[in-house]
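Trainee: One file is attached below, query.txt, containing compact mmCIF, C-alpha atoms.
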```
# COMPACT_ATOMS: atom_id res chain seq x y z
CA MET N 1 -0.49 14.87 5.29
CA LEU N 2 0.94 13.24 2.16
CA THR N 3 0.25 15.33 -0.93
CA ALA N 4 0.80 15.04 -4.67
CA GLY N 5 0.30 18.21 -6.67
CA ASN N 6 -0.15 17.89 -10.45
CA LEU N 7 2.11 14.83 -10.31
CA SER N 8 3.34 13.30 -13.57
CA LEU N 9 5.72 10.32 -13.66
CA ASP N 10 7.83 8.68 -16.35
CA ARG N 11 9.25 5.14 -16.33
CA ALA N 12 11.54 3.72 -19.02
CA GLY N 13 11.01 6.86 -21.07
CA GLN N 14 7.22 6.52 -21.06
CA ARG N 15 4.66 8.73 -19.32
CA VAL N 16 2.87 6.45 -16.82
CA LEU N 17 1.04 9.01 -14.69
CA SER N 18 -0.34 12.39 -15.73
CA ASP N 19 -1.35 15.39 -13.64
CA VAL N 20 -2.55 13.58 -10.49
CA SER N 21 -3.39 15.68 -7.43
CA VAL N 22 -4.35 14.11 -4.10
CA SER N 23 -4.02 15.00 -0.42
CA LEU N 24 -4.01 11.94 1.82
CA GLU N 25 -4.91 12.14 5.50
CA PRO N 26 -3.17 10.18 8.27
CA GLY N 27 -5.39 7.87 10.28
CA THR N 28 -7.13 6.49 7.19
CA ILE N 29 -6.79 3.62 4.72
CA THR N 30 -6.59 4.71 1.09
CA ALA N 31 -6.84 2.05 -1.63
CA ILE N 32 -5.37 2.65 -5.09
CA VAL N 33 -7.17 0.57 -7.71
CA GLY N 34 -7.35 0.33 -11.48
CA PRO N 35 -6.83 -2.06 -14.39
CA ASN N 36 -3.42 -3.45 -15.34
CA GLY N 37 -1.07 -0.71 -16.51
CA ALA N 38 -3.16 2.07 -14.99
CA GLY N 39 -0.22 3.53 -13.03
CA LYS N 40 -1.02 2.21 -9.54
CA SER N 41 2.49 1.04 -8.62
CA SER N 42 3.99 4.16 -10.17
CA LEU N 43 1.78 6.42 -8.06
CA LEU N 44 2.82 4.53 -4.93
CA LEU N 45 6.48 4.93 -5.88
CA GLY N 46 5.93 8.63 -6.46
CA LEU N 47 4.21 9.09 -3.10
CA SER N 48 7.06 7.23 -1.39
CA GLY N 49 9.67 9.53 -2.89
CA LEU N 50 11.35 6.66 -4.75
CA LEU N 51 10.41 7.88 -8.24
CA GLU N 52 11.37 11.42 -9.18
CA PRO N 53 8.49 13.42 -10.67
CA ALA N 54 8.59 14.38 -14.33
CA ALA N 55 6.35 17.28 -13.30
CA GLY N 56 4.58 18.39 -10.17
CA GLU N 57 5.59 17.73 -6.59
CA VAL N 58 5.10 15.36 -3.66
CA SER N 59 5.15 16.81 -0.17
CA LEU N 60 5.03 15.40 3.35
CA ASP N 61 3.48 17.59 6.04
CA GLY N 62 4.08 20.63 3.89
CA ALA N 63 7.75 19.88 3.13
CA ALA N 64 8.79 18.99 -0.41
CA MET N 65 9.75 15.31 -0.58
CA ALA N 66 12.73 16.16 -2.78
CA GLY N 67 14.22 18.24 0.03
CA LEU N 68 14.01 15.57 2.74
CA SER N 69 17.01 13.45 3.68
CA ALA N 70 16.97 9.74 2.92
CA GLN N 71 16.87 8.98 6.64
CA ASP N 72 13.93 11.31 7.28
CA LYS N 73 12.00 9.70 4.44
CA ALA N 74 12.86 6.21 5.68
CA ARG N 75 11.61 7.04 9.18
CA ALA N 76 8.37 8.60 7.97
CA LEU N 77 7.50 6.32 5.05
CA GLY N 78 7.46 2.52 5.05
CA TYR N 79 7.31 1.19 1.48
CA LEU N 80 6.53 -2.42 0.53
CA PRO N 81 7.10 -3.25 -3.15
CA GLN N 82 5.04 -5.76 -5.10
CA SER N 83 8.04 -8.08 -5.51
CA ALA N 84 8.61 -10.48 -2.61
CA GLU N 85 12.33 -10.96 -3.24
CA ILE N 86 14.69 -11.30 -0.27
CA ALA N 87 18.33 -10.40 -0.88
CA TRP N 88 19.89 -12.19 2.10
CA ASP N 89 19.11 -15.62 3.50
CA VAL N 90 18.87 -14.57 7.14
CA ALA N 91 16.54 -15.64 9.92
CA VAL N 92 13.05 -14.14 9.87
CA GLU N 93 13.56 -12.12 13.06
CA THR N 94 16.79 -10.66 11.63
CA LEU N 95 14.98 -9.69 8.45
CA VAL N 96 12.17 -8.00 10.40
CA ALA N 97 14.76 -6.16 12.53
CA LEU N 98 16.10 -4.47 9.36
CA GLY N 99 13.01 -2.28 9.54
CA ARG N 100 14.60 -0.53 12.52
CA LEU N 101 17.66 0.66 10.56
CA PRO N 102 16.34 4.20 9.95
CA HIS N 103 16.04 4.62 13.73
CA ARG N 104 19.52 3.23 14.43
CA ASP N 105 18.24 1.09 17.27
CA ARG N 106 17.27 -2.52 17.84
CA GLY N 107 13.66 -1.73 18.78
CA HIS N 108 13.06 -5.17 20.30
CA GLU N 109 9.57 -4.34 21.53
CA ALA N 110 8.45 -3.08 18.12
CA ILE N 111 9.94 -6.16 16.43
CA ASP N 112 8.28 -8.59 18.84
CA ARG N 113 4.96 -6.77 18.61
CA THR N 114 4.99 -6.85 14.82
CA ILE N 115 5.98 -10.52 14.63
CA LYS N 116 3.07 -11.37 16.90
CA ALA N 117 0.59 -9.15 15.05
CA LEU N 118 1.36 -10.76 11.68
CA ALA N 119 1.29 -14.29 13.13
CA ILE N 120 4.85 -15.22 12.16
CA GLU N 121 6.09 -16.22 15.61
CA GLU N 122 6.26 -19.92 14.81
CA PHE N 123 8.95 -19.39 12.17
CA ARG N 124 10.84 -16.37 13.52
CA LYS N 125 14.05 -18.46 13.66
CA ARG N 126 13.54 -20.00 10.20
CA PRO N 127 15.87 -18.94 7.34
CA ALA N 128 14.13 -16.72 4.80
CA SER N 129 14.89 -19.24 2.03
CA LYS N 130 12.60 -21.77 3.74
CA LEU N 131 9.50 -19.57 3.62
CA SER N 132 6.49 -20.09 1.38
CA GLY N 133 5.28 -17.26 -0.82
CA GLY N 134 2.60 -16.22 1.65
CA GLU N 135 4.98 -16.43 4.60
CA ARG N 136 7.55 -14.33 2.74
CA ALA N 137 4.94 -11.66 2.01
CA ARG N 138 3.99 -11.40 5.69
CA VAL N 139 7.62 -11.23 6.80
CA LEU N 140 8.45 -8.45 4.35
CA LEU N 141 5.46 -6.44 5.53
CA ALA N 142 6.54 -7.07 9.12
CA ARG N 143 9.91 -5.50 8.27
CA VAL N 144 8.09 -2.35 7.12
CA LEU N 145 5.78 -2.22 10.14
CA ALA N 146 8.62 -2.79 12.62
CA GLY N 147 9.99 0.60 11.59
CA GLU N 148 6.80 2.22 12.95
CA PRO N 149 6.56 4.67 10.03
CA ASN N 150 4.02 7.48 9.95
CA TRP N 151 2.90 6.21 6.56
CA ILE N 152 2.60 2.63 5.30
CA LEU N 153 2.66 2.33 1.50
CA ALA N 154 2.17 -1.24 0.31
CA ASP N 155 1.87 -2.56 -3.25
CA GLU N 156 -0.61 -5.46 -3.31
CA PRO N 157 0.20 -6.68 0.22
CA LEU N 158 -2.70 -9.17 0.18
CA ALA N 159 -1.95 -10.83 -3.17
CA ALA N 160 -0.03 -13.87 -1.86
CA LEU N 161 -2.10 -14.42 1.29
CA ASP N 162 -4.85 -16.92 1.99
CA LEU N 163 -8.23 -15.68 3.20
CA ALA N 164 -7.49 -15.98 6.91
CA HIS N 165 -4.22 -14.09 6.66
CA GLN N 166 -5.84 -11.46 4.42
CA LEU N 167 -8.40 -10.77 7.12
CA ASN N 168 -5.71 -10.69 9.81
CA LEU N 169 -3.60 -8.25 7.81
CA ILE N 170 -6.55 -5.98 7.02
CA ALA N 171 -7.46 -5.91 10.71
CA HIS N 172 -3.89 -4.98 11.60
CA LEU N 173 -3.75 -2.21 8.96
CA LYS N 174 -7.02 -0.85 10.35
CA SER N 175 -5.50 -0.80 13.83
CA CYS N 176 -2.49 1.07 12.42
CA ALA N 177 -4.83 3.67 10.90
CA GLU N 178 -6.79 3.95 14.15
CA ALA N 179 -3.48 4.66 15.91
CA GLY N 180 -2.88 7.59 13.53
CA GLN N 181 -0.72 6.08 10.79
CA GLY N 182 -1.59 6.73 7.18
CA VAL N 183 -2.11 3.55 5.14
CA VAL N 184 -2.00 3.53 1.34
CA ILE N 185 -2.36 0.17 -0.43
CA VAL N 186 -2.61 -0.95 -4.03
CA LEU N 187 -5.37 -3.51 -4.52
CA HIS N 188 -6.74 -5.50 -7.44
CA ASP N 189 -9.73 -6.86 -5.52
CA LEU N 190 -12.42 -4.18 -5.72
CA ALA N 191 -14.51 -5.86 -3.02
CA LEU N 192 -11.63 -5.52 -0.55
CA ALA N 193 -11.35 -1.83 -1.43
CA MET N 194 -15.10 -1.33 -1.14
CA ASN N 195 -15.39 -3.09 2.22
CA HIS N 196 -12.24 -1.98 4.02
CA ALA N 197 -10.89 1.31 2.63
CA ASP N 198 -11.88 4.75 3.88
CA ARG N 199 -11.05 6.27 0.51
CA VAL N 200 -10.44 4.92 -2.98
CA LEU N 201 -8.35 6.38 -5.81
CA VAL N 202 -9.21 4.93 -9.22
CA LEU N 203 -6.61 5.16 -11.99
CA SER N 204 -7.07 4.44 -15.67
CA GLU N 205 -4.42 4.96 -18.35
CA GLY N 206 -2.31 7.03 -15.99
CA LYS N 207 -5.09 9.41 -14.98
CA LEU N 208 -7.14 9.75 -11.83
CA ILE N 209 -10.75 9.10 -12.83
CA ALA N 210 -12.35 8.84 -9.37
CA ASP N 211 -11.43 9.78 -5.81
CA GLY N 212 -13.64 9.49 -2.78
CA HIS N 213 -15.60 7.22 -0.47
CA PRO N 214 -15.72 3.64 -1.84
CA ASN N 215 -19.47 3.90 -2.51
CA ASP N 216 -18.83 6.84 -4.83
CA ALA N 217 -15.42 6.02 -6.31
CA LEU N 218 -16.44 2.44 -7.16
CA ASP N 219 -19.97 2.96 -8.39
CA GLU N 220 -21.19 1.13 -11.50
CA GLU N 221 -20.35 3.99 -13.86
CA VAL N 222 -16.73 4.19 -12.67
CA VAL N 223 -16.29 0.41 -12.88
CA ALA N 224 -17.56 0.47 -16.47
CA GLN N 225 -15.29 3.39 -17.38
CA GLY N 226 -12.16 2.03 -15.74
CA TRP N 227 -12.40 -1.71 -16.38
CA GLY N 228 -14.74 -1.97 -19.37
CA VAL N 229 -17.16 -4.28 -17.56
CA LYS N 230 -20.66 -3.94 -16.20
CA GLY N 231 -20.73 -4.36 -12.44
CA ARG N 232 -23.48 -4.60 -9.86
CA TRP N 233 -22.80 -4.44 -6.12
CA ILE N 234 -24.73 -6.79 -3.88
CA GLY N 235 -24.76 -7.33 -0.12
CA GLU N 236 -24.68 -4.98 2.84
CA ASP N 237 -22.13 -2.33 3.79
CA GLY N 238 -18.86 -3.94 4.89
CA ALA N 239 -19.69 -7.23 3.17
CA ARG N 240 -20.37 -6.27 -0.42
CA ALA N 241 -19.51 -8.27 -3.56
CA LEU N 242 -19.30 -7.18 -7.19
CA VAL N 243 -21.16 -9.22 -9.78
CA LEU N 244 -19.64 -8.66 -13.23
CA SER N 245 -20.68 -9.02 -16.85
CA SER N 246 -19.18 -7.63 -20.04
CA VAL N 247 -20.42 -4.22 -21.17
```
Let's see the structure in the file written out as structure tokens.
Mentor:
Amino acid sequence: MLTAGNLSLDRAGQRVLSDVSVSLEPGTITAIVGPNGAGKSSLLLGLSGLLEPAAGEVSLDGAAMAGLSAQDKARALGYLPQSAEIAWDVAVETLVALGRLPHRDRGHEAIDRTIKALAIEEFRKRPASKLSGGERARVLLARVLAGEPNWILADEPLAALDLAHQLNLIAHLKSCAEAGQGVVIVLHDLALAMNHADRVLVLSEGKLIADGHPNDALDEEVVAQGWGVKGRWIGEDGARALVLSSV
């Protein structure tokens, strides 16, 4: 279980998250949503142990995150930042293999399996500098998944992908959750959260304003409170769309 207790976070001297408490279960997909500047990326950083709390605590399976070694955290938690920057111009398969570093092994089977799952086989030998934005996003996520972490924490992993690759990635993340991994993703698209997440956390101005099943956490009242728009859900479960108008 990944838990935040009364978590507050500061960035650049400013309070960006205040008194957030959540307990996330493995084997599920949790979506973090909210308007720009709500604290979504900061919460993900806090849960990953990469941003030290200003107050409160993050724990992993009952152990305080602050007391875990860097290697233990790297094995348990796979973090994908929003930025798709690549520091070294190496071949795709070499970049994906970096995800195995916390395990100190080559993990060829895990690397090959991940490359196939994310449909990047055709350019596994290509230098990273020759990738498109969408290809780069898939390769960087493959690096995270190749490490076979207990928890996958990804900041807007679908943002640079076309519709087909979005659906492929969502299907793969669902299979990861079904296998027992915890999946936590930041999303801007509320329909994706509604249709594919098991649980939704809604942030607004650094505070948690809703937490629960998508039908509850993303109801019309919460959408109006968080985004300042009037929303109406249409369609059937699993294929719902949000029709918007100003409040």
Trainee: Which one of N:Leu44, N:Gly56, N:His188, N:Ser21 sits closest to Pro81 of chain N if you count all atoms listed in the file?
Mentor: N:Leu44
Trainee: Atom CA of Tyr79 of chain N and atom CA of Glu135 of chain N, how far apart in Å?
Mentor: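 Spanning atom CA of Glu135 of chain N to atom CA of Tyr79 of chain N is a straight-line distance of 18.0 Å.
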Trainee: Which residue, N:Val183, N:Leu161, N:Ile170, N:Ala31, has the smallest gap to Ala210 of chain N when you use all atoms listed in the file?
Mentor: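 Of all the options, N:Ala31 lies closest to Ala210 of chain N.
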Trainee: Using all atoms listed in the file, determine which residues lie at most 7 Å from Glu57 of chain N, disregarding the query and same-chain residues fewer than 2 positions distant; provide the list as a short mmCIF file (atom, residue, chain, number, x, y, z; two decimals) with C-alpha atoms, in the frame of the given file.
Mentor:
```
data_model
loop_
_atom_site.label_atom_id
_atom_site.label_comp_id
_atom_site.auth_asym_id
_atom_site.auth_seq_id
_atom_site.Cartn_x
_atom_site.Cartn_y
_atom_site.Cartn_z
CA ALA N 4 0.80 15.04 -4.67
CA GLY N 5 0.30 18.21 -6.67
CA ASN N 6 -0.15 17.89 -10.45
CA LEU N 7 2.11 14.83 -10.31
CA PRO N 53 8.49 13.42 -10.67
CA ALA N 55 6.35 17.28 -13.30
CA SER N 59 5.15 16.81 -0.17
#
```
Trainee: Taking (1.9, -7.6, -5.0) in the file's coordinates as the center, which residues reach within 12 Å of it, counting only C-alpha atoms, put as a ChimeraX atom specification?
Mentor: /N:40-41,80-85,133-134,136-138,140-141,153-161,185-189
Trainee: Taking (2.2, 12.9, 2.5) as a centre in this file's frame and 9 Å as the limit, can you find every polymer residue with an atom that close, using all atoms listed in the file, and give them as a VMD selection string?
Mentor: chain N and resid 1 to 4 23 to 26 47 to 48 58 to 63 65 77 151 182
Trainee: Could you work out how far atom CA of Ala239 of chain N lies from atom CA of Pro149 of chain N, giving the answer in Å with one decimal?
Mentor: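 Answer for the atom CA of Pro149 of chain N to atom CA of Ala239 of chain N separation: 29.6 Å.
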Trainee: Which residue gives the smallest distance to Ser69 of chain N among N:Trp233, N:Lys125, N:Pro102, N:Glu93, with all atoms listed in the file counted?
Mentor: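 Ranked by minimum distance to Ser69 of chain N, first place goes to N:Pro102.
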Trainee: Listing only residues of segment 29-52 of chain N within 6 Å of segment 197-207 of chain N, what is the closest atom pair and its distance in Å (to one decimal) for each, using only C-alpha atoms, sorted by chain and residue number ascending, as CSV?
Mentor:
```
residue,atom,partner,partner_atom,distance
N:Ile29,CA,N:Ala197,CA,5.1
N:Thr30,CA,N:Arg199,CA,4.8
N:Ala31,CA,N:Val200,CA,4.8
N:Ile32,CA,N:Leu201,CA,4.8
N:Val33,CA,N:Val202,CA,5.0
N:Gly34,CA,N:Leu203,CA,4.9
N:Ala38,CA,N:Glu205,CA,4.6
N:Gly39,CA,N:Gly206,CA,5.0
```
Trainee: By how many Å are atom CA of Lys230 of chain N and atom CA of Leu218 of chain N apart?
Mentor: 11.8 Å
Trainee: Give the padded box for segment 79-84 of chain N as AutoDock Vina command-line options: axis-aligned, covering all atoms listed in the file, 4 Å on each side, centre and edge lengths in Å to one decimal.
Mentor:
```
--center_x 6.8 --center_y -4.6 --center_z -2.0 --size_x 11.6 --size_y 19.7 --size_z 15.0
```
Trainee: Measuring atom to atom with all atoms listed in the file, identify which of N:Gly99, N:Gly78, N:Gly238, N:Gly228 is nearest to Leu192 of chain N.
Mentor: N:Gly238
Trainee: Kindly indicate which residue among N:Gly46, N:Pro35, N:Gly235, N:Gly13 lies nearest to Ile209 of chain N, using only C-alpha atoms for the distances.
Mentor: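 Under the stated criterion, the closest residue is N:Pro35.
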Trainee: Given all atoms listed in the file as the basis, pick out the residue of N:Arg100, N:Arg15, N:Arg143, N:Arg232 nearest to Leu43 of chain N.
Mentor: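 Closest to Leu43 of chain N of all the choices is N:Arg15.
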Trainee: How would segment 104-140 of chain N read, as a compact mmCIF listing (two decimals), in the frame of the given file, once N, CA and C atoms are built in?
Mentor:
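Now in part-v3.txt:
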```txt
# COMPACT_ATOMS: atom_id res chain seq x y z
N ARG N 104 18.21 3.55 13.85
CA ARG N 104 19.52 3.23 14.43
C ARG N 104 19.38 2.65 15.84
N ASP N 105 18.38 1.80 16.01
CA ASP N 105 18.24 1.09 17.27
C ASP N 105 17.71 -0.31 16.99
N ARG N 106 17.73 -1.14 18.00
CA ARG N 106 17.27 -2.52 17.84
C ARG N 106 15.75 -2.62 17.91
N GLY N 107 15.11 -1.77 18.71
CA GLY N 107 13.66 -1.73 18.78
C GLY N 107 13.03 -3.08 19.04
N HIS N 108 13.53 -3.80 20.06
CA HIS N 108 13.06 -5.17 20.30
C HIS N 108 11.56 -5.25 20.53
N GLU N 109 11.01 -4.29 21.25
CA GLU N 109 9.57 -4.34 21.53
C GLU N 109 8.76 -4.19 20.25
N ALA N 110 9.16 -3.28 19.38
CA ALA N 110 8.45 -3.08 18.12
C ALA N 110 8.57 -4.32 17.24
N ILE N 111 9.74 -4.95 17.23
CA ILE N 111 9.94 -6.16 16.43
C ILE N 111 9.06 -7.29 16.95
N ASP N 112 9.09 -7.51 18.25
CA ASP N 112 8.28 -8.59 18.84
C ASP N 112 6.79 -8.35 18.63
N ARG N 113 6.38 -7.10 18.78
CA ARG N 113 4.96 -6.77 18.61
C ARG N 113 4.51 -7.02 17.17
N THR N 114 5.34 -6.67 16.22
CA THR N 114 4.99 -6.85 14.82
C THR N 114 4.97 -8.32 14.44
N ILE N 115 5.94 -9.08 14.91
CA ILE N 115 5.98 -10.52 14.63
C ILE N 115 4.73 -11.20 15.16
N LYS N 116 4.29 -10.80 16.34
CA LYS N 116 3.07 -11.37 16.90
C LYS N 116 1.84 -10.95 16.11
N ALA N 117 1.77 -9.67 15.74
CA ALA N 117 0.59 -9.15 15.05
C ALA N 117 0.38 -9.82 13.70
N LEU N 118 1.47 -10.15 13.00
CA LEU N 118 1.36 -10.76 11.68
C LEU N 118 1.44 -12.29 11.73
N ALA N 119 1.37 -12.84 12.93
CA ALA N 119 1.29 -14.29 13.13
C ALA N 119 2.44 -15.03 12.47
N ILE N 120 3.68 -14.54 12.72
CA ILE N 120 4.85 -15.22 12.16
C ILE N 120 5.79 -15.70 13.27
N GLU N 121 5.26 -15.80 14.49
CA GLU N 121 6.09 -16.22 15.61
C GLU N 121 6.65 -17.62 15.44
N GLU N 122 5.85 -18.52 14.87
CA GLU N 122 6.26 -19.92 14.81
C GLU N 122 7.47 -20.15 13.92
N PHE N 123 7.76 -19.21 13.02
CA PHE N 123 8.95 -19.39 12.17
C PHE N 123 9.90 -18.20 12.25
N ARG N 124 9.96 -17.53 13.39
CA ARG N 124 10.84 -16.37 13.52
C ARG N 124 12.31 -16.76 13.42
N LYS N 125 12.66 -18.02 13.74
CA LYS N 125 14.05 -18.46 13.66
C LYS N 125 14.37 -19.13 12.31
N ARG N 126 13.36 -19.29 11.47
CA ARG N 126 13.54 -20.00 10.20
C ARG N 126 14.30 -19.12 9.19
N PRO N 127 15.20 -19.72 8.40
CA PRO N 127 15.87 -18.94 7.34
C PRO N 127 14.85 -18.47 6.31
N ALA N 128 15.08 -17.29 5.76
CA ALA N 128 14.13 -16.72 4.80
C ALA N 128 13.94 -17.62 3.58
N SER N 129 14.98 -18.38 3.21
CA SER N 129 14.89 -19.24 2.03
C SER N 129 13.90 -20.39 2.22
N LYS N 130 13.51 -20.65 3.45
CA LYS N 130 12.60 -21.77 3.74
C LYS N 130 11.14 -21.33 3.85
N LEU N 131 10.85 -20.09 3.51
CA LEU N 131 9.50 -19.57 3.62
C LEU N 131 8.69 -19.84 2.36
N SER N 132 7.39 -20.03 2.53
CA SER N 132 6.49 -20.09 1.38
C SER N 132 6.24 -18.68 0.86
N GLY N 133 5.55 -18.58 -0.26
CA GLY N 133 5.28 -17.26 -0.82
C GLY N 133 4.47 -16.39 0.12
N GLY N 134 3.42 -16.97 0.72
CA GLY N 134 2.60 -16.22 1.65
C GLY N 134 3.34 -15.83 2.91
N GLU N 135 4.17 -16.73 3.42
CA GLU N 135 4.98 -16.43 4.60
C GLU N 135 5.97 -15.31 4.30
N ARG N 136 6.58 -15.37 3.13
CA ARG N 136 7.55 -14.33 2.74
C ARG N 136 6.87 -12.97 2.67
N ALA N 137 5.66 -12.93 2.12
CA ALA N 137 4.94 -11.66 2.01
C ALA N 137 4.66 -11.06 3.39
N ARG N 138 4.27 -11.90 4.33
CA ARG N 138 3.99 -11.40 5.69
C ARG N 138 5.25 -10.92 6.38
N VAL N 139 6.36 -11.62 6.18
CA VAL N 139 7.62 -11.23 6.80
C VAL N 139 8.11 -9.89 6.25
N LEU N 140 8.00 -9.71 4.95
CA LEU N 140 8.45 -8.45 4.35
C LEU N 140 7.60 -7.28 4.82
```
